[in-house]
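Here is the file protein_24.cif (mmCIF, C-alpha atoms and all ligand atoms).
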data_structure
#
loop_
_atom_site.label_atom_id
_atom_site.label_comp_id
_atom_site.auth_asym_id
_atom_site.auth_seq_id
_atom_site.Cartn_x
_atom_site.Cartn_y
_atom_site.Cartn_z
CA MET C 1 44.43 -106.40 -156.57
CA ARG C 2 43.92 -110.02 -155.73
CA TYR C 3 45.94 -111.63 -152.97
CA GLY C 4 46.82 -115.18 -152.14
CA SER C 5 49.27 -117.03 -149.94
CA SER C 6 51.71 -119.78 -150.66
CA ARG C 7 50.66 -122.01 -147.78
CA LEU C 8 47.18 -123.25 -148.31
CA ALA C 9 47.72 -126.74 -149.66
CA ILE C 10 45.78 -129.35 -147.80
CA THR C 11 48.26 -131.91 -149.04
CA GLN C 12 51.13 -131.96 -151.50
CA GLN C 13 50.45 -135.61 -152.33
CA PRO C 14 48.91 -136.74 -155.60
CA THR C 15 45.26 -136.32 -155.02
CA ASN C 16 41.80 -136.42 -156.47
CA GLY C 17 39.76 -133.60 -157.91
CA LEU C 18 37.66 -133.08 -154.82
CA ARG C 19 40.79 -132.14 -152.93
CA LEU C 20 41.52 -129.50 -155.52
CA TYR C 21 37.96 -128.29 -155.22
CA ALA C 22 38.30 -128.17 -151.43
CA HIS C 23 41.54 -126.29 -151.88
CA CYS C 24 39.80 -123.64 -153.99
CA MET C 25 36.98 -123.41 -151.45
CA ALA C 26 39.53 -122.94 -148.66
CA ALA C 27 40.95 -120.03 -150.65
CA VAL C 28 37.47 -118.55 -151.09
CA HIS C 29 36.84 -118.93 -147.38
CA ALA C 30 40.11 -117.11 -146.62
CA GLN C 31 39.06 -114.37 -149.10
CA HIS C 32 41.98 -115.08 -151.40
CA GLY C 33 41.80 -114.26 -155.06
CA VAL C 34 45.03 -116.00 -156.01
CA VAL C 35 45.29 -119.73 -155.34
CA ARG C 36 48.60 -121.51 -155.44
CA ILE C 37 48.12 -125.18 -156.12
CA PRO C 38 50.88 -127.78 -155.90
CA HIS C 39 51.82 -129.22 -159.30
CA THR C 40 50.99 -132.64 -157.86
CA TYR C 41 47.30 -131.63 -158.13
CA ALA C 42 47.55 -131.46 -161.91
CA HIS C 43 45.69 -134.44 -163.31
CA ALA C 44 42.93 -135.09 -165.78
CA TYR C 45 39.82 -135.18 -163.59
CA ASP C 46 36.38 -136.51 -164.39
CA PRO C 47 33.94 -134.08 -166.06
CA ILE C 48 31.79 -133.49 -162.98
CA THR C 49 34.75 -132.54 -160.81
CA ARG C 50 36.08 -130.33 -163.58
CA GLN C 51 32.75 -128.58 -163.76
CA LEU C 52 32.71 -127.98 -160.01
CA ILE C 53 36.20 -126.47 -160.10
CA THR C 54 35.44 -124.38 -163.17
CA GLN C 55 32.41 -122.99 -161.42
CA VAL C 56 34.20 -122.02 -158.20
CA ILE C 57 36.96 -120.34 -160.22
CA ASN C 58 34.42 -118.37 -162.22
CA ASP C 59 32.13 -117.47 -159.35
CA HIS C 60 34.98 -116.13 -157.22
CA ALA C 61 37.34 -114.89 -159.94
CA LEU C 62 40.13 -117.10 -158.67
CA ARG C 63 43.49 -117.08 -160.37
CA LEU C 64 45.21 -120.45 -160.20
CA VAL C 65 48.99 -120.48 -159.91
CA ILE C 66 50.91 -123.72 -160.24
CA HIS C 67 54.52 -123.76 -159.08
CA ALA C 68 56.49 -126.18 -161.20
CA PRO C 69 59.28 -128.03 -159.39
CA ILE C 70 62.50 -126.02 -159.06
CA ILE C 71 64.41 -127.84 -161.79
CA PRO C 72 65.26 -126.77 -165.35
CA PRO C 73 61.97 -126.63 -167.31
CA SER C 74 63.40 -128.73 -170.16
CA THR C 75 63.66 -131.70 -167.78
CA MET C 76 59.94 -131.74 -167.01
CA GLN C 77 58.02 -131.39 -170.20
CA ASP C 78 55.40 -133.91 -169.07
CA THR C 79 54.80 -131.98 -165.83
CA LEU C 80 54.28 -128.77 -167.79
CA GLU C 81 51.92 -130.57 -170.17
CA ARG C 82 49.96 -131.94 -167.24
CA CYS C 83 49.67 -128.51 -165.61
CA ALA C 84 48.62 -126.80 -168.83
CA GLN C 85 46.07 -129.53 -169.48
CA LEU C 86 44.53 -129.01 -166.04
CA LEU C 87 44.32 -125.23 -166.47
CA SER C 88 42.68 -125.63 -169.83
CA ASP C 89 40.30 -128.39 -168.57
CA ILE C 90 38.99 -126.12 -165.83
CA ALA C 91 38.93 -123.05 -168.11
CA SER C 92 41.34 -121.04 -165.98
CA HIS C 93 41.91 -118.29 -168.54
CA ASP C 94 44.43 -116.38 -166.40
CA GLY C 95 46.13 -119.40 -164.80
CA VAL C 96 49.90 -119.34 -164.45
CA ILE C 97 52.57 -122.04 -164.40
CA ILE C 98 55.67 -120.66 -162.73
CA CYS C 99 59.04 -122.03 -163.82
CA HIS C 100 62.47 -121.41 -162.39
CA VAL C 101 65.38 -121.09 -164.78
CA PRO C 102 68.91 -121.71 -163.51
CA ALA C 103 71.09 -118.64 -164.10
CA ALA C 104 73.81 -120.60 -165.88
CA ARG C 105 71.51 -122.00 -168.59
CA THR C 106 69.26 -119.05 -169.14
CA ASN C 107 69.30 -118.93 -172.92
CA ASP C 108 68.90 -122.64 -173.69
CA GLU C 109 66.03 -122.97 -171.27
CA TRP C 110 64.21 -119.91 -172.56
CA GLN C 111 64.60 -121.10 -176.10
CA TRP C 112 63.24 -124.49 -175.14
CA MET C 113 60.25 -122.99 -173.32
CA ALA C 114 59.45 -120.67 -176.22
CA SER C 115 59.42 -123.69 -178.57
CA LEU C 116 56.66 -125.44 -176.62
CA PRO C 117 53.14 -125.46 -178.12
CA ALA C 118 51.00 -122.39 -177.49
CA SER C 119 48.67 -124.49 -175.32
CA ILE C 120 51.49 -124.54 -172.74
CA THR C 121 53.30 -121.25 -173.32
CA ARG C 122 50.10 -119.27 -172.80
CA TYR C 123 50.32 -120.18 -169.10
CA LEU C 124 54.10 -120.00 -168.60
CA ALA C 125 55.89 -117.44 -166.48
CA VAL C 126 59.43 -117.40 -165.10
CA GLU C 127 60.13 -116.40 -161.52
CA HIS C 128 62.99 -114.02 -160.78
CA THR C 129 65.18 -116.13 -158.55
CA LEU C 130 68.78 -115.58 -157.51
CA GLN C 131 70.04 -114.38 -160.88
CA PRO C 132 70.80 -110.97 -162.41
CA ILE C 133 67.53 -109.34 -163.33
CA ASP C 134 68.78 -107.64 -166.51
CA ALA C 135 69.53 -110.91 -168.29
CA LEU C 136 66.15 -112.24 -167.24
CA LEU C 137 64.29 -109.19 -168.50
CA SER C 138 65.97 -109.21 -171.89
CA ALA C 139 65.22 -112.94 -172.29
CA ALA C 140 61.61 -112.28 -171.28
CA GLU C 141 61.32 -109.66 -173.98
CA GLU C 142 63.00 -111.81 -176.62
CA PHE C 143 60.89 -114.92 -175.95
CA THR C 144 57.72 -113.14 -174.71
CA ILE C 145 57.42 -115.09 -171.48
CA PRO C 146 56.50 -112.91 -168.48
CA VAL C 147 58.60 -112.55 -165.33
CA VAL C 148 57.28 -112.91 -161.79
CA PHE C 149 58.96 -110.28 -159.62
CA ASP C 150 59.94 -111.77 -156.28
CA TRP C 151 60.73 -109.06 -153.74
CA LEU C 152 62.75 -111.37 -151.49
CA HIS C 153 64.94 -112.69 -154.27
CA TYR C 154 65.66 -109.17 -155.47
CA HIS C 155 66.46 -108.04 -151.94
CA MET C 156 68.73 -111.00 -151.19
CA LEU C 157 70.89 -110.26 -154.21
CA ALA C 158 71.74 -106.95 -152.51
CA PRO C 159 71.84 -105.04 -155.81
CA TRP C 160 73.02 -101.47 -156.09
CA PRO C 161 71.39 -99.13 -156.96
CA TYR C 162 68.67 -100.68 -154.87
CA ALA C 163 65.45 -100.05 -156.77
CA PRO C 164 62.83 -102.77 -156.19
CA VAL C 165 60.03 -100.56 -157.49
CA ASP C 166 61.82 -99.82 -160.79
CA VAL C 167 62.60 -103.48 -161.36
CA ALA C 168 59.09 -104.58 -160.43
CA LEU C 169 57.70 -102.10 -162.98
CA LYS C 170 59.93 -103.62 -165.65
CA CYS C 171 58.75 -107.11 -164.70
CA CYS C 172 55.12 -105.93 -164.86
CA ALA C 173 55.76 -104.69 -168.40
CA THR C 174 56.66 -108.24 -169.50
CA TRP C 175 53.07 -109.40 -168.80
CA GLY C 176 51.54 -107.52 -171.71
CA SER C 177 47.77 -107.51 -171.37
CA GLN C 178 47.79 -110.15 -168.59
CA ARG C 179 47.70 -109.15 -164.94
CA PRO C 180 51.24 -109.25 -163.53
CA LEU C 181 51.94 -111.59 -160.64
CA ILE C 182 54.26 -110.52 -157.82
CA HIS C 183 55.71 -112.47 -154.90
CA LEU C 184 56.15 -110.77 -151.55
CA SER C 185 57.96 -112.13 -148.52
CA THR C 186 60.36 -111.11 -145.80
CA PRO C 187 63.77 -112.67 -145.21
CA ASP C 188 64.08 -114.96 -142.24
CA THR C 189 66.88 -113.54 -140.12
CA ALA C 190 66.51 -115.87 -137.18
CA ASP C 191 69.73 -117.51 -136.08
CA TYR C 192 69.55 -121.28 -136.47
CA GLY C 193 73.15 -121.90 -135.46
CA ASN C 194 75.26 -124.06 -137.73
CA GLN C 195 72.67 -126.70 -138.53
CA HIS C 196 71.04 -124.77 -141.35
CA ARG C 197 73.67 -123.29 -143.56
CA HIS C 198 71.62 -122.69 -146.66
CA ILE C 199 69.06 -120.33 -145.31
CA ASN C 200 69.71 -117.30 -147.50
CA GLY C 201 66.47 -116.73 -149.31
CA ARG C 202 64.34 -118.46 -146.71
CA HIS C 203 61.23 -116.51 -145.95
CA ALA C 204 59.95 -115.55 -142.53
CA ALA C 205 56.68 -116.61 -140.96
CA TYR C 206 55.13 -113.17 -141.45
CA LEU C 207 55.43 -110.17 -143.76
CA ASP C 208 57.19 -106.97 -142.82
CA TRP C 209 54.09 -104.92 -143.57
CA VAL C 210 55.70 -101.46 -143.66
CA THR C 211 58.14 -102.44 -146.38
CA HIS C 212 55.53 -104.13 -148.51
CA MET C 213 52.86 -101.53 -147.94
CA TYR C 214 55.31 -98.94 -149.28
CA PHE C 215 56.39 -101.17 -152.09
CA LEU C 216 52.81 -101.67 -153.31
CA GLY C 217 51.91 -98.03 -152.67
CA GLN C 218 54.84 -96.79 -154.71
CA LEU C 219 54.11 -99.23 -157.49
CA SER C 220 50.61 -97.80 -157.64
CA GLU C 221 51.90 -94.22 -157.60
CA ARG C 222 54.24 -95.05 -160.45
CA ARG C 223 51.17 -96.26 -162.36
CA ALA C 224 51.87 -99.96 -162.38
CA PRO C 225 49.02 -102.02 -163.81
CA THR C 226 46.78 -103.79 -161.30
CA CYS C 227 48.73 -106.81 -160.07
CA ASP C 228 47.99 -110.07 -158.33
CA ILE C 229 50.01 -110.74 -155.21
CA GLU C 230 51.21 -114.01 -153.76
CA VAL C 231 52.44 -113.77 -150.20
CA GLU C 232 55.10 -116.36 -149.46
CA ALA C 233 55.22 -116.78 -145.71
CA ASP C 234 55.17 -119.73 -143.36
CA ALA C 235 52.08 -118.45 -141.60
CA GLY C 236 50.33 -118.38 -144.98
CA SER C 237 46.81 -117.01 -144.79
CA LYS C 238 47.40 -115.55 -141.34
CA ALA C 239 50.41 -113.62 -142.59
CA LEU C 240 48.38 -112.27 -145.49
CA ALA C 241 45.43 -111.34 -143.26
CA HIS C 242 47.78 -109.59 -140.86
CA PHE C 243 49.45 -107.70 -143.70
CA LEU C 244 46.16 -106.50 -145.16
CA ALA C 245 44.83 -105.54 -141.73
CA GLN C 246 47.91 -103.43 -141.01
CA CYS C 247 47.70 -101.77 -144.41
CA ARG C 248 44.02 -100.91 -143.89
CA ARG C 249 44.70 -99.56 -140.46
CA HIS C 250 47.88 -97.58 -141.09
CA GLY C 251 48.03 -97.10 -144.84
CA PRO C 252 47.49 -93.64 -146.27
CA PRO C 253 43.98 -93.06 -147.68
CA GLN C 254 45.21 -92.68 -151.25
CA TRP C 255 46.40 -96.30 -151.19
CA HIS C 256 43.25 -97.81 -149.70
CA HIS C 257 42.03 -99.13 -153.03
CA LEU C 258 45.04 -101.49 -152.97
CA TRP C 259 43.76 -103.46 -150.00
CA ALA C 260 40.08 -102.56 -149.93
CA MET B 1 87.18 -88.71 -150.96
CA GLU B 2 86.89 -92.19 -149.50
CA PRO B 3 84.15 -94.34 -151.06
CA ILE B 4 80.95 -95.24 -149.23
CA LEU B 5 80.57 -99.02 -149.28
CA PRO B 6 77.42 -100.97 -148.38
CA LEU B 7 78.98 -102.14 -145.13
CA THR B 8 80.53 -98.78 -144.23
CA PRO B 9 79.42 -98.24 -140.64
CA ILE B 10 77.52 -95.15 -139.61
CA THR B 11 76.20 -93.84 -136.32
CA ILE B 12 72.63 -92.56 -136.26
CA ALA B 13 72.29 -89.81 -133.71
CA LEU B 14 69.30 -87.97 -132.31
CA VAL B 15 69.31 -84.19 -132.65
CA LYS B 16 67.47 -83.25 -129.48
CA SER B 17 66.78 -79.60 -130.09
CA GLN B 18 66.86 -76.74 -132.52
CA GLN B 19 69.93 -75.49 -130.67
CA ASP B 20 71.81 -78.77 -131.27
CA TRP B 21 70.90 -78.62 -134.95
CA GLN B 22 72.18 -75.05 -135.22
CA ARG B 23 75.44 -76.17 -133.67
CA ILE B 24 75.70 -78.92 -136.27
CA GLU B 25 74.94 -76.63 -139.19
CA GLN B 26 76.79 -73.53 -138.09
CA ILE B 27 79.87 -74.67 -136.21
CA ASN B 28 79.99 -78.26 -137.56
CA GLN B 29 79.95 -79.79 -134.14
CA TYR B 30 78.03 -82.62 -132.52
CA HIS B 31 78.59 -84.09 -129.09
CA VAL B 32 77.78 -87.33 -127.30
CA PRO B 33 78.05 -87.75 -123.52
CA LEU B 34 81.12 -89.85 -122.81
CA GLN B 35 79.08 -92.54 -121.03
CA HIS B 36 77.07 -93.09 -124.24
CA TYR B 37 80.05 -93.25 -126.55
CA SER B 38 80.04 -97.06 -126.51
CA ARG B 39 76.71 -96.95 -128.33
CA THR B 40 78.27 -95.30 -131.36
CA VAL B 41 80.21 -97.16 -134.01
CA PRO B 42 83.81 -96.35 -135.02
CA SER B 43 83.13 -94.59 -138.28
CA SER B 44 83.77 -91.47 -140.24
CA TRP B 45 80.07 -90.87 -140.78
CA ILE B 46 77.16 -89.73 -138.68
CA ALA B 47 73.49 -89.51 -139.71
CA PHE B 48 71.06 -87.22 -137.93
CA TYR B 49 67.61 -88.24 -136.79
CA LEU B 50 65.42 -85.15 -136.54
CA PRO B 51 62.46 -85.67 -134.21
CA ARG B 52 59.19 -83.85 -133.93
CA TRP B 53 60.57 -80.36 -133.28
CA HIS B 54 61.97 -80.05 -136.80
CA MET B 55 59.28 -78.43 -138.91
CA ALA B 56 60.44 -79.40 -142.40
CA HIS B 57 61.86 -82.88 -141.81
CA PRO B 58 60.36 -84.34 -138.62
CA TYR B 59 60.71 -88.01 -137.55
CA SER B 60 63.29 -88.76 -140.17
CA ILE B 61 66.87 -88.99 -141.31
CA HIS B 62 67.61 -86.67 -144.20
CA PHE B 63 71.14 -85.60 -143.43
CA VAL B 64 74.47 -87.26 -142.98
CA ALA B 65 77.85 -85.69 -142.26
CA SER B 66 81.39 -86.91 -142.50
CA ILE B 67 83.40 -86.81 -139.30
CA GLN B 68 86.72 -84.99 -139.46
CA SER B 69 87.90 -85.44 -135.93
CA VAL B 70 86.84 -86.74 -132.57
CA ALA B 71 87.96 -85.41 -129.20
CA VAL B 72 87.00 -85.89 -125.57
CA MET B 73 86.44 -82.56 -123.82
CA GLN B 74 84.70 -81.01 -120.89
CA ARG B 75 81.62 -79.18 -122.02
CA VAL B 76 82.83 -75.84 -120.75
CA HIS B 77 85.91 -76.05 -122.95
CA TYR B 78 84.14 -76.27 -126.27
CA LEU B 79 81.04 -74.30 -125.25
CA PRO B 80 82.56 -71.53 -123.09
CA ASP B 81 79.39 -69.44 -123.46
CA GLU B 82 77.47 -72.08 -121.51
CA SER B 83 79.72 -72.19 -118.48
CA ALA B 84 76.68 -72.02 -116.20
CA HIS B 85 75.24 -75.21 -117.70
CA PRO B 86 74.56 -77.87 -115.02
CA ARG B 87 76.80 -80.33 -116.93
CA ALA B 88 79.50 -77.79 -117.77
CA THR B 89 82.23 -79.94 -116.25
CA HIS B 90 80.99 -83.24 -117.71
CA HIS B 91 83.02 -85.00 -120.37
CA TYR B 92 81.68 -85.31 -123.91
CA VAL B 93 82.92 -86.84 -127.10
CA VAL B 94 82.97 -83.96 -129.55
CA TYR B 95 82.77 -84.60 -133.27
CA THR B 96 84.03 -82.02 -135.73
CA LEU B 97 81.98 -82.51 -138.85
CA GLY B 98 82.97 -82.22 -142.47
CA SER B 99 80.61 -81.88 -145.41
CA MET B 100 76.91 -82.52 -144.95
CA TYR B 101 74.95 -84.62 -147.49
CA GLN B 102 71.26 -85.24 -148.05
CA PHE B 103 69.81 -88.69 -148.71
CA ARG B 104 67.97 -89.19 -151.99
CA THR B 105 65.40 -91.28 -150.10
CA PRO B 106 65.05 -90.16 -146.50
CA ILE B 107 64.32 -92.77 -143.85
CA VAL B 108 61.21 -92.00 -141.88
CA SER B 109 60.20 -93.38 -138.53
CA LEU B 110 56.74 -94.76 -139.21
CA ARG B 111 56.42 -96.84 -136.11
CA TRP B 112 57.40 -94.68 -133.18
CA ARG B 113 60.78 -95.49 -131.77
CA ARG B 114 62.92 -93.77 -129.19
CA ILE B 115 66.19 -93.30 -130.99
CA THR B 116 69.20 -91.75 -129.31
CA LEU B 117 72.21 -93.50 -130.77
CA HIS B 118 72.07 -96.39 -133.16
CA GLN B 119 74.63 -98.35 -135.15
CA SER B 120 73.98 -99.09 -138.78
CA THR B 121 75.53 -99.16 -142.24
CA PHE B 122 74.94 -97.25 -145.47
CA GLY B 123 73.71 -100.43 -147.12
CA ALA B 124 70.91 -100.79 -144.58
CA LEU B 125 70.03 -97.09 -144.63
CA ALA B 126 69.71 -97.19 -148.41
CA ARG B 127 67.23 -100.08 -148.25
CA ALA B 128 65.00 -99.15 -145.35
CA TYR B 129 61.61 -97.47 -145.76
CA ASP B 130 61.22 -97.25 -142.04
CA LEU B 131 63.73 -96.80 -139.23
CA GLY B 132 62.19 -99.81 -137.54
CA ASN B 133 63.49 -102.03 -140.35
CA LEU B 134 67.15 -101.07 -140.02
CA SER B 135 68.33 -103.87 -137.79
CA HIS B 136 66.36 -106.49 -139.70
CA ILE B 137 67.82 -105.34 -143.01
CA GLN B 138 71.26 -105.20 -141.44
CA ARG B 139 71.06 -108.83 -140.38
CA THR B 140 70.14 -109.81 -143.93
CA LEU B 141 72.93 -107.75 -145.44
CA ASN B 142 75.50 -109.19 -143.07
CA ARG B 143 74.53 -112.57 -144.38
CA VAL B 144 74.37 -111.91 -148.10
CA LEU B 145 76.88 -109.14 -148.81
CA PRO B 146 80.48 -110.18 -149.35
CA HIS B 147 82.63 -108.20 -146.96
CA ALA B 148 84.85 -107.22 -149.86
CA ASP B 149 81.95 -105.53 -151.70
CA ASP B 150 83.51 -102.35 -153.06
CA THR B 151 80.50 -100.70 -154.74
CA ASP B 152 80.76 -96.97 -154.17
CA MET B 153 77.25 -95.91 -153.21
CA HIS B 154 77.97 -92.19 -153.12
CA ASP B 155 76.34 -91.08 -156.39
CA HIS B 156 73.04 -92.88 -155.94
CA LEU B 157 72.80 -92.26 -152.25
CA PHE B 158 72.78 -88.47 -152.11
CA VAL B 159 71.10 -85.52 -153.75
CA PRO B 160 72.18 -81.89 -153.56
CA ARG B 161 71.51 -80.27 -150.23
CA ASN B 162 67.97 -78.91 -149.77
CA HIS B 163 66.56 -80.99 -152.58
CA PRO B 164 62.80 -81.23 -151.85
CA PRO B 165 61.94 -84.72 -150.52
CA ASP B 166 59.53 -86.98 -152.39
CA ALA B 167 55.97 -85.98 -151.59
CA HIS B 168 55.10 -89.49 -150.50
CA VAL B 169 57.59 -89.46 -147.63
CA TYR B 170 55.30 -87.37 -145.49
CA SER B 171 51.95 -87.73 -147.16
CA THR B 172 51.83 -91.27 -145.82
CA HIS B 173 53.15 -90.76 -142.33
CA PRO B 174 50.61 -91.87 -139.71
CA THR B 175 51.04 -88.96 -137.31
CA ILE B 176 52.90 -86.32 -139.18
CA ASN B 177 50.00 -84.37 -140.63
CA ARG B 178 48.87 -83.59 -137.15
CA THR B 179 52.18 -82.09 -136.10
CA LEU B 180 53.01 -80.10 -139.20
CA PRO B 181 51.62 -76.57 -139.31
CA THR B 182 49.03 -76.16 -142.05
CA GLN B 183 50.14 -73.93 -144.88
ZN ZN X 1 58.64 -116.56 -155.09
#
Just give me the structure as structure tokens.
Ligand SMILES: [Zn+2]
Amino acid sequence: MRYGSSRLAITQQPTNGLRLYAHCMAAVHAQHGVVRIPHTYAHAYDPITRQLITQVINDHALRLVIHAPIIPPSTMQDTLERCAQLLSDIASHDGVIICHVPAARTNDEWQWMASLPASITRYLAVEHTLQPIDALLSAAEEFTIPVVFDWLHYHMLAPWPYAPVDVALKCCATWGSQRPLIHLSTPDTADYGNQHRHINGRHAAYLDWVTHMYFLGQLSERRAPTCDIEVEADAGSKALAHFLAQCRRHGPPQWHHLWA
Amino acid sequence: MEPILPLTPITIALVKSQQDWQRIEQINQYHVPLQHYSRTVPSSWIAFYLPRWHMAHPYSIHFVASIQSVAVMQRVHYLPDESAHPRATHHYVVYTLGSMYQFRTPIVSLRWRRITLHQSTFGALARAYDLGNLSHIQRTLNRVLPHADDTDMHDHLFVPRNHPPDAHVYSTHPTINRTLPTQ
């Protein structure tokens, strides 16, 4: 398992290659194996910078994950091209570009994504957001684009029967020979009064470690392939470190390989 | 039989001793001291938290019973054999229980918590790995579940009585291996 957190970006602003390099080094320093980089970092960099980044990715087996903006993919072809170009420039063989498909336009968007050149589709994945998972899984199978299972989004849909492990296994199966990517976070249940009305789906600062320790443990017992985990929490690296520390301390011995 | 909806309320009650558990199983009766009744929730369901003394299912909720009737009585009136009990004249809320069911996925207390009476819903119980998560999950459900949700959870929620629990439920408990007798 490799882990990473969503909050590591030094800046979201358009930037130069050394920032991206620094970003990767920050991930290495935090002992992350999965590095989420803002899509604004995706540019064509000079060869020396590219070489530096390629080397840090190789030396530390980093998996780069770019979150595309949360808009229909067909409205941002140039962004996707830019992201794919970056991943290929720095030889990130297992890099991922995560797209979000609005529930209402599922089929058109999937068709459009599948029609992109292979140089882009090889990196594409679709995140399970607030939409029925069955439709998403059948589209994933039809168009062979993998699905990122997001525990929070599944949980917030309040499905019944409630079976996050079963659904995560199905999402893992869409990745074929690639390592599946999974998002973990905990709903923010703080009361913000009336000022923030659209907070369903917001994530908390930290992870509820018991829930996610069991989730990962059961995935492993049900023989899920080795996954990469992105922790989406406000406290970012601290939340991830806290989660892993709790799992190492309290987790049953048979699951220790998951957070060793 | 009335459906079990995600927001159907349920009281979680501690079963203090073997004797209390026998009373639940054999004469379908559970009682709560009258002064604690406000900590229960008006409901036709009660779930039982079995603490350390229970050999097969310690620190966990495996069982839930429907409530047929509720009455306020002095202890001596419904337990005449225990007329010498120091609280014989105290008032209790006495539940007469209907059928008992067993959860498909029991809820275990992983982080130690002193539970006597707790208010929850079936929706939260069905989603919690750990008793400590119940109130957090409840707050989320209150926010996202439409109050008119009429999914009947019955079939997925329960298994036949005395179905063996998943091995992982106890194999991963932090303290349980120390308290269970070795076979
Ligand atoms: Zn996510």
Using all atoms listed in the file, what are the residues with an atom within 8 Å of ligand ZN 1 (chain X), set out as a short mmCIF file (atom, residue, chain, number, x, y, z; two decimals) with C-alpha atoms, in the frame of the given file?
data_model
loop_
_atom_site.label_atom_id
_atom_site.label_comp_id
_atom_site.auth_asym_id
_atom_site.auth_seq_id
_atom_site.Cartn_x
_atom_site.Cartn_y
_atom_site.Cartn_z
CA GLU C 127 60.13 -116.40 -161.52
CA HIS C 128 62.99 -114.02 -160.78
CA THR C 129 65.18 -116.13 -158.55
CA VAL C 148 57.28 -112.91 -161.79
CA PHE C 149 58.96 -110.28 -159.62
CA ASP C 150 59.94 -111.77 -156.28
CA TRP C 151 60.73 -109.06 -153.74
CA LEU C 152 62.75 -111.37 -151.49
CA HIS C 153 64.94 -112.69 -154.27
CA ILE C 182 54.26 -110.52 -157.82
CA HIS C 183 55.71 -112.47 -154.90
CA LEU C 184 56.15 -110.77 -151.55
CA SER C 185 57.96 -112.13 -148.52
CA GLU C 230 51.21 -114.01 -153.76
CA GLU C 232 55.10 -116.36 -149.46
#
| task | Using only C-alpha atoms, find the residues of chain C whose closest atom to chain B is at most 12 Å away, then write them as a PyMOL selection string. | result | chain C and resi 130+152-165+186-191+197-204+207-215+217-218+220-222+246-256
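Considering all atoms listed in the file, the residue among C:Leu137, C:Val34, C:Ile71, C:Ile90 positioned nearest to Glu109 in chain C is C:Ile71.
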| remark: From the list C:Arg19, C:His67, C:Arg122, C:His60, the nearest residue to Ile37 in chain C using all atoms listed in the file is C:His67
Please write out, as lines of an AutoDock Vina configuration file, where the centre of an axis-aligned box around all listed atoms of range 40-58 of chain B lies and how long its edges are, in Å to one decimal, after adding 6 Å on each side.
center_x = 71.5
center_y = -87.8
center_z = -136.9
size_x = 36.6
size_y = 30.7
size_z = 23.0
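Counting all atoms listed in the file, the residue from B:His31, B:Arg39, B:His154, B:His91 that sits nearest to His118 in chain B is B:Arg39.
With CA of Thr49 in chain C on one side and CA of Ser92 in chain C on the other, the separation reads 14.2 Å.
Counting all atoms listed in the file, the residue from C:Val96, C:Leu240, C:Leu64, C:Leu52 that sits nearest to Gln31 in chain C is C:Leu240.
Going from CA of Asn28 in chain B over to CA of Pro3 in chain B, you cover 21.4 Å.
Relative to CA of Ile12 in chain B, CA of His36 in chain B is found at 12.8 Å.
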| Long-range neighbours of His39 in chain C as an MDAnalysis selection string, 8 Å cut-off, all atoms listed in the file, 3 positions minimum in chain | chainID C and resid 42 66:69 79 83
